[in-house]
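Single-structure report; data block below.
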Amino acid sequence: MLTRREFGQRGAALLTAAGVRLPMWERALRPMVAPASSTERPLLLGVDYYPDQTPENLWEEDARLISEAGLTNVRIAEFAWSLMEPSEGKFDFTWLKHSVEILHKHNIAVILGTPSAAPPPWLTEKYPEILMVNSEGMTVHPGGRRFTCPTNKTYRKLSLTIATEMAKNFAETAGIIGWQIDNEFTLQQFGRCYCKYCREGFQDWAKQKYGTLDSLNQKWGTAFWSQIYTDWRQIPVPLPSNGPPNPGLALDYDRYQSYANASFAGEQLVMLRKECPQHFITTNSVGAPFDTLNLRELFRDLDFVSNDNYPGFAAMFMEGEVTPERVGRSSAISHDSMRSVKGGKPFLIMEEQSGKAGQPSFGPQPHPGQLRLWAFQAIAHGAMGVNYFRWDTARFGAEEYWHGLLNHDRSKSPGFEEIIRTVADMKVLGREALESSYVAETALSFDQDCDWALQIQPGHPKLTYRDQLVEWYGAVAGANTGTDLIHLDEDLSKYKAVFAPVQYVVGARQAENVRNYVRNGGMFVAGFRLGAKDESSQIVNMPLPGLLRDVMGATLKDYVPIYTEKVGVAFEQQLAGREGQCGLWADLLVPESATVLAKYVGAYEGAAITMNAFGKGKAVYIGADLDGTSLSRVIRTLLEMAGSKSEFTSPPAVEITRRRAGGREWVFALNHSNEGQKITVSGTFTSVLDKKNFDRELELKPYEVVVLKRS
Ligand SMILES: [Zn+2]
């Protein structure tokens with residue numbers, strides 16, 4: 001297991017080896033010391049609190065009620081810049097100090113948020129150049145939040161200044177335990193900035209990456225449409241230009257924007273490590289399928305990942321039939337991806353839904369039991385703590401509809417008692433379980449290069465990486481054997497099977513890693529479009545699937561975007577079963593050393609699925625965009641072939657996960673439906689929370705969560 005410091009050093013070494021000069025903030029990080037270990041801080045079972053929006057005469061009552069509710073900590077101040085710096089260079093932390101004192105008196109620990117996500121009006125009036133420019137070239141107006149440019153030096157300097165003043169004022173303040181840098185980087189209407197400062201930043205970044213214009217021109221293929229650059233300052237950003245952008249430039253711009261945000265956070269991180277070495281430092285975001293940022297880059301040097309969790313929105317925005325298992329999986333994929341960002345290290349829920357939530361519209365009212373289910377689901381997927389959003393409900397501002405533990409009139413919300421009981425149960429579960437390791441037998445590739453490259457050139461107007469990822473995740477995670485969301489260049493050896501939907505971009509290191517994994521006995525299962533592009537977003541100059549042709553033991557006769565044709569899929573051998581349908585895409589496979597497991601029926605000839613024995617392992621190519629039912633059946637069959645099968649038999653609405661520490665194992669059974677569900681298992685289990693024993697069969701009430709250990 002790497003320490004944070006070793007991890008940072010290794011990452012830095014890799015970057016240096018790749019010829020990328022380290023920015024100042026990364027160089028400055030190297031000699032830093034890790035903060036206090038987790039055992040020295042309270043369990044993080046808290047609430048997000050807004051003294052800045054609450055009359056001062058209620059602070060004492062709030063702190064008392066928060067404490068009586070059993071909550072251990074708050075997060076505060078992440079949107080309070082205008083109160084902390086009412087005019088440029090004039091700082092006022094009196095109110096915040098007073099609030100922290102009151103909270104500390106009631107034994108409530110404090111996570112402070114740096115306020116850079118919402119600069120005050122005096123700042124944007126004086127420095128309008130800090131405003132973001134969106135993908136249409138329009139300047140984004142102040143008045144919302146996150147309307148700023150991540151590259152602009154003035155915004156960076158002013159953000160670092162207020163954060164530094166906070167750090168100096170609160171480094172020694174009793175009760176402060178940690179920091180949240182900024183708030184939800186890039187999670188807003190516009191995920192990218194296209195302003196002139198970002199253009200210059202991109203040019204500098206490209207110069208560091210490519211070294212020479214010849215190299216850049218070659219990697220981007222600028223001979224096409226007369227785009228050969230003869231000066232770094234000619235390089236544009238991908239704003240509307242009466243034709244699609246250069247794919248290599250556009251993909252690099254996504255990477256640059258991710259870097260710009262991560263390095264913005266990095267500046268505050270370096271300062272906080274120096275000023276507050278005893279505090280933990282994190283930031284909050286959301287996980288898959290959202291993918292505006294490379295989260296590995298953002299969180300690399302932070303102490304742990306923080307995830308924001310609002311399952312109610314899944315039902316609000318989900319297309320197609322809203323089933324309990326789909327709603328449950330929409331949170332599960334986010335938790336699994338966020339846990340995987342730091343190699344499985346326990347993460348924190350910085351914002352957990354505590355009632356109906358929304359900005360202009362209310363989301364659904366959580367049913368009795370759902371708030372408990374959703375919070376425990378986070379724990380079941382590897383969270384070490386939960387902060388509920390938020391304590392009271394704002395009577396003003398853009399989030400008046402976002403309900404907290406107290407209603408607008410400060411009466412207790414419908415979920416209040418349920419939340420208190422949930423927090424009490426999490427304390428019974430205890431630190432060992434909350435900080436244990438999630439058990440994952442399988443992995444799913446979640447690769448932002450593939451996502452971004454496919455957004456730039458979808459290939460088929462209805463094809464999205466996000467849809468494919470979610471569909472494959474549902475099939476893989478539905479087996480209840482635990483799934484990490486990884487990059488293909490990570491250590492794969494611990495997984496029984498690795499799945500890669502639309503792995504459109506494949507780098508040489510990834511290909512070699514997959515090759516070694518399969519050679520040593522792993523099962524690699526890829527979807528259509530495998531290896532079509534290199535990391536520069538150029539189509540590979542070899543028969544598809546490019547670098548992985550030998551591993552897959554098959555090549556492509558052709559690839560077909562499907563619009564009006566009906567294309568069936570006939571399964572055979574180990575996959576024999578009911579005929580399936582092919583949706584948006586068909587890779588027509590020709591086996592070389594592989595066996596055919598399915599063929600197309602109708603307009604196209606060729607294999608739809610092949611399986612190749614390679615070394616001690618197997619590589620499966622699913623060339624067809626299979627309908628959900630068939631994909632699920634195929635993946636479940638392949639998982640069983642790979643030896644990954646849950647010991648529990650459960651209906652689709654029930655999710656089962658495991659966490660381990662030393663020789664102990666906790667099993668979480670979560671019923672996402674509003675009906676009772678039965679699960680069966682061989683063996684005897686005891687419920688950790690109510691000490692009931694179960695033999696072979698367990699009945700779960702609607703939305704019930706049971707934590708089990710083997711008797
Ligand atoms: Zn910008």
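Lettering and numbering for the structure tokens are positional, with chains as A, B, ... in the shown order, residues counted from 1 in each chain, and ligands counted from 1 in the shown order.
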
Would you mind listing, for every residue of region 199-272 of chain A within 8 Å of region 446-460 of chain A, the two atoms forming the shortest contact and the distance between them in Å to one decimal, using only C-alpha atoms, sorted by chain and ascending residue number, as a tab-separated table?
residue	atom	partner	partner_atom	distance
A:Pro247	CA	A:Ile456	CA	6.6
A:Ala250	CA	A:Ile456	CA	7.2
A:Leu251	CA	A:Ala453	CA	6.0
A:Asp254	CA	A:Trp452	CA	7.1

Per-residue nearest contacts chain A to ligand 1, cut-off 9 Å, using only C-alpha atoms and all ligand atoms, as a tab-separated table:
residue	atom	partner	partner_atom_place_in_ligand_line	distance
A:Glu129	CA	ligand 1	1 (Zn)	8.9
A:Ile130	CA	ligand 1	1 (Zn)	7.5
A:Leu131	CA	ligand 1	1 (Zn)	7.4
A:Met132	CA	ligand 1	1 (Zn)	5.4
A:Val133	CA	ligand 1	1 (Zn)	6.4
A:Asn134	CA	ligand 1	1 (Zn)	8.8
A:Thr148	CA	ligand 1	1 (Zn)	7.3
A:Cys149	CA	ligand 1	1 (Zn)	3.9
A:Pro150	CA	ligand 1	1 (Zn)	5.8
A:Thr151	CA	ligand 1	1 (Zn)	5.4
A:Asn152	CA	ligand 1	1 (Zn)	6.1
A:Arg192	CA	ligand 1	1 (Zn)	7.9
A:Cys193	CA	ligand 1	1 (Zn)	4.5
A:Tyr194	CA	ligand 1	1 (Zn)	5.3
A:Cys195	CA	ligand 1	1 (Zn)	4.1
A:Lys196	CA	ligand 1	1 (Zn)	6.4
A:Tyr197	CA	ligand 1	1 (Zn)	5.1
A:Cys198	CA	ligand 1	1 (Zn)	4.0
A:Arg199	CA	ligand 1	1 (Zn)	7.2
A:Gly201	CA	ligand 1	1 (Zn)	8.4
A:Gln257	CA	ligand 1	1 (Zn)	8.7

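Residues lying within 9 Å of Ala603 (chain A), counting only C-alpha atoms and ignoring same-chain neighbours fewer than 6 positions away, are Glu565, Lys566, Val567 and Gly568 of chain A.
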
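Using only C-alpha atoms, the residues found no farther than 9 Å from Ser646 (chain A), other than those of its own chain fewer than 4 positions away, are Ala479, Asn480, Thr481 and Ile656 of chain A.
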
| field | Backbone DSSP call of strand (DSSP E or B) for region 509-688 of chain A, listed as number ranges by chain | value | A: 523-527, 533, 539, 554-561, 567-571, 580-591, 595-602, 607-614, 617-622, 624-626, 648-649, 654-661, 664-671, 677-687

| message | Can you pull out every residue from region 518-581 of chain A that DSSP, working from the backbone, puts in helix (DSSP H, G or I), and format the result as a ChimeraX atom specification? | response | /A:518-519,546-552,573-575

| message | Please list as a PyMOL selection string every residue within 12 Å of Glu432 (chain A), counting only C-alpha atoms and excluding residues in the same chain fewer than 4 positions away. | response | chain A and resi 38-39+43+346+382+384-385+426-428+436-437+659-666

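Within 10 Å of Asp214 (chain A), once only C-alpha atoms are used and residues closer than 4 positions along the same chain are dropped, the contacting residues are Tyr210, Gln218, Lys219, Thr222, Ile228, Tyr229 and Thr230 of chain A.
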
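Considering only C-alpha atoms, the residue among A:Glu78, A:Glu441, A:Asp252, A:Glu418 positioned nearest to Thr483 (chain A) is A:Glu441.
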
| message | With distances taken over only C-alpha atoms, which residue among A:Gly144, A:Gly369, A:Gly430, A:Gly221 lies nearest Ala118 (chain A)? | response | A:Gly144

| Residue among A:Tyr703, A:Phe347, A:Tyr50, A:Trp205 lying closest to Trp374 (chain A), counting only C-alpha atoms | A:Tyr703

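Proximity ranking of A:Ala167, A:Thr555, A:Glu640, A:Gln189 relative to Val140 (chain A) places A:Gln189 first, based on only C-alpha atoms.
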
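Distance annotation: of A:Glu647, A:Asn674, A:Asp587, A:Trp472, the residue with the minimal separation from Ser632 (chain A) is A:Trp472; atom set is only C-alpha atoms.
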
| In terms of the shortest atom-to-atom distance over only C-alpha atoms, which of A:Gly521, A:Pro121, A:Gly478, A:Gly553 is closest to Ser650 (chain A)? | A:Gly478

| Exercise: Ile679 (chain A) partners within 12 Å, only C-alpha atoms, chain neighbours under 3 positions left out, as a PyMOL selection string | chain A and resi 646-656+669-671+676+682+694-701+706

For C-alpha atoms, I'd like the residues from the last selection saved as a PDB file, in the first residue's frame.
ATOM      1  CA  SER A 646     -22.111 -14.271  -5.424  1.00  0.00           C
ATOM      2  CA  GLU A 647     -22.884 -16.751  -2.664  1.00  0.00           C
ATOM      3  CA  PHE A 648     -26.244 -14.958  -2.297  1.00  0.00           C
ATOM      4  CA  THR A 649     -29.234 -15.498  -4.561  1.00  0.00           C
ATOM      5  CA  SER A 650     -31.138 -12.236  -4.765  1.00  0.00           C
ATOM      6  CA  PRO A 651     -33.735 -10.423  -6.894  1.00  0.00           C
ATOM      7  CA  PRO A 652     -32.611  -7.472  -9.114  1.00  0.00           C
ATOM      8  CA  ALA A 653     -33.800  -4.792  -6.649  1.00  0.00           C
ATOM      9  CA  VAL A 654     -31.465  -6.095  -3.943  1.00  0.00           C
ATOM     10  CA  GLU A 655     -27.851  -5.033  -3.918  1.00  0.00           C
ATOM     11  CA  ILE A 656     -25.232  -6.951  -1.938  1.00  0.00           C
ATOM     12  CA  ALA A 669     -27.862  -6.251   1.788  1.00  0.00           C
ATOM     13  CA  LEU A 670     -29.830  -3.286   0.431  1.00  0.00           C
ATOM     14  CA  ASN A 671     -33.415  -3.484  -0.805  1.00  0.00           C
ATOM     15  CA  GLY A 676     -40.396  -6.934   0.513  1.00  0.00           C
ATOM     16  CA  SER A 682     -25.788 -21.057   2.237  1.00  0.00           C
ATOM     17  CA  PHE A 694     -30.407 -15.842   9.689  1.00  0.00           C
ATOM     18  CA  ASP A 695     -30.113 -19.320   8.283  1.00  0.00           C
ATOM     19  CA  ARG A 696     -30.328 -19.721   4.500  1.00  0.00           C
ATOM     20  CA  GLU A 697     -33.053 -17.140   3.963  1.00  0.00           C
ATOM     21  CA  LEU A 698     -33.441 -13.473   4.800  1.00  0.00           C
ATOM     22  CA  GLU A 699     -36.487 -11.322   4.136  1.00  0.00           C
ATOM     23  CA  LEU A 700     -35.866  -7.617   3.585  1.00  0.00           C
ATOM     24  CA  LYS A 701     -38.644  -5.107   4.192  1.00  0.00           C
ATOM     25  CA  VAL A 706     -29.204  -5.233   6.782  1.00  0.00           C
TER      26      VAL A 706
END
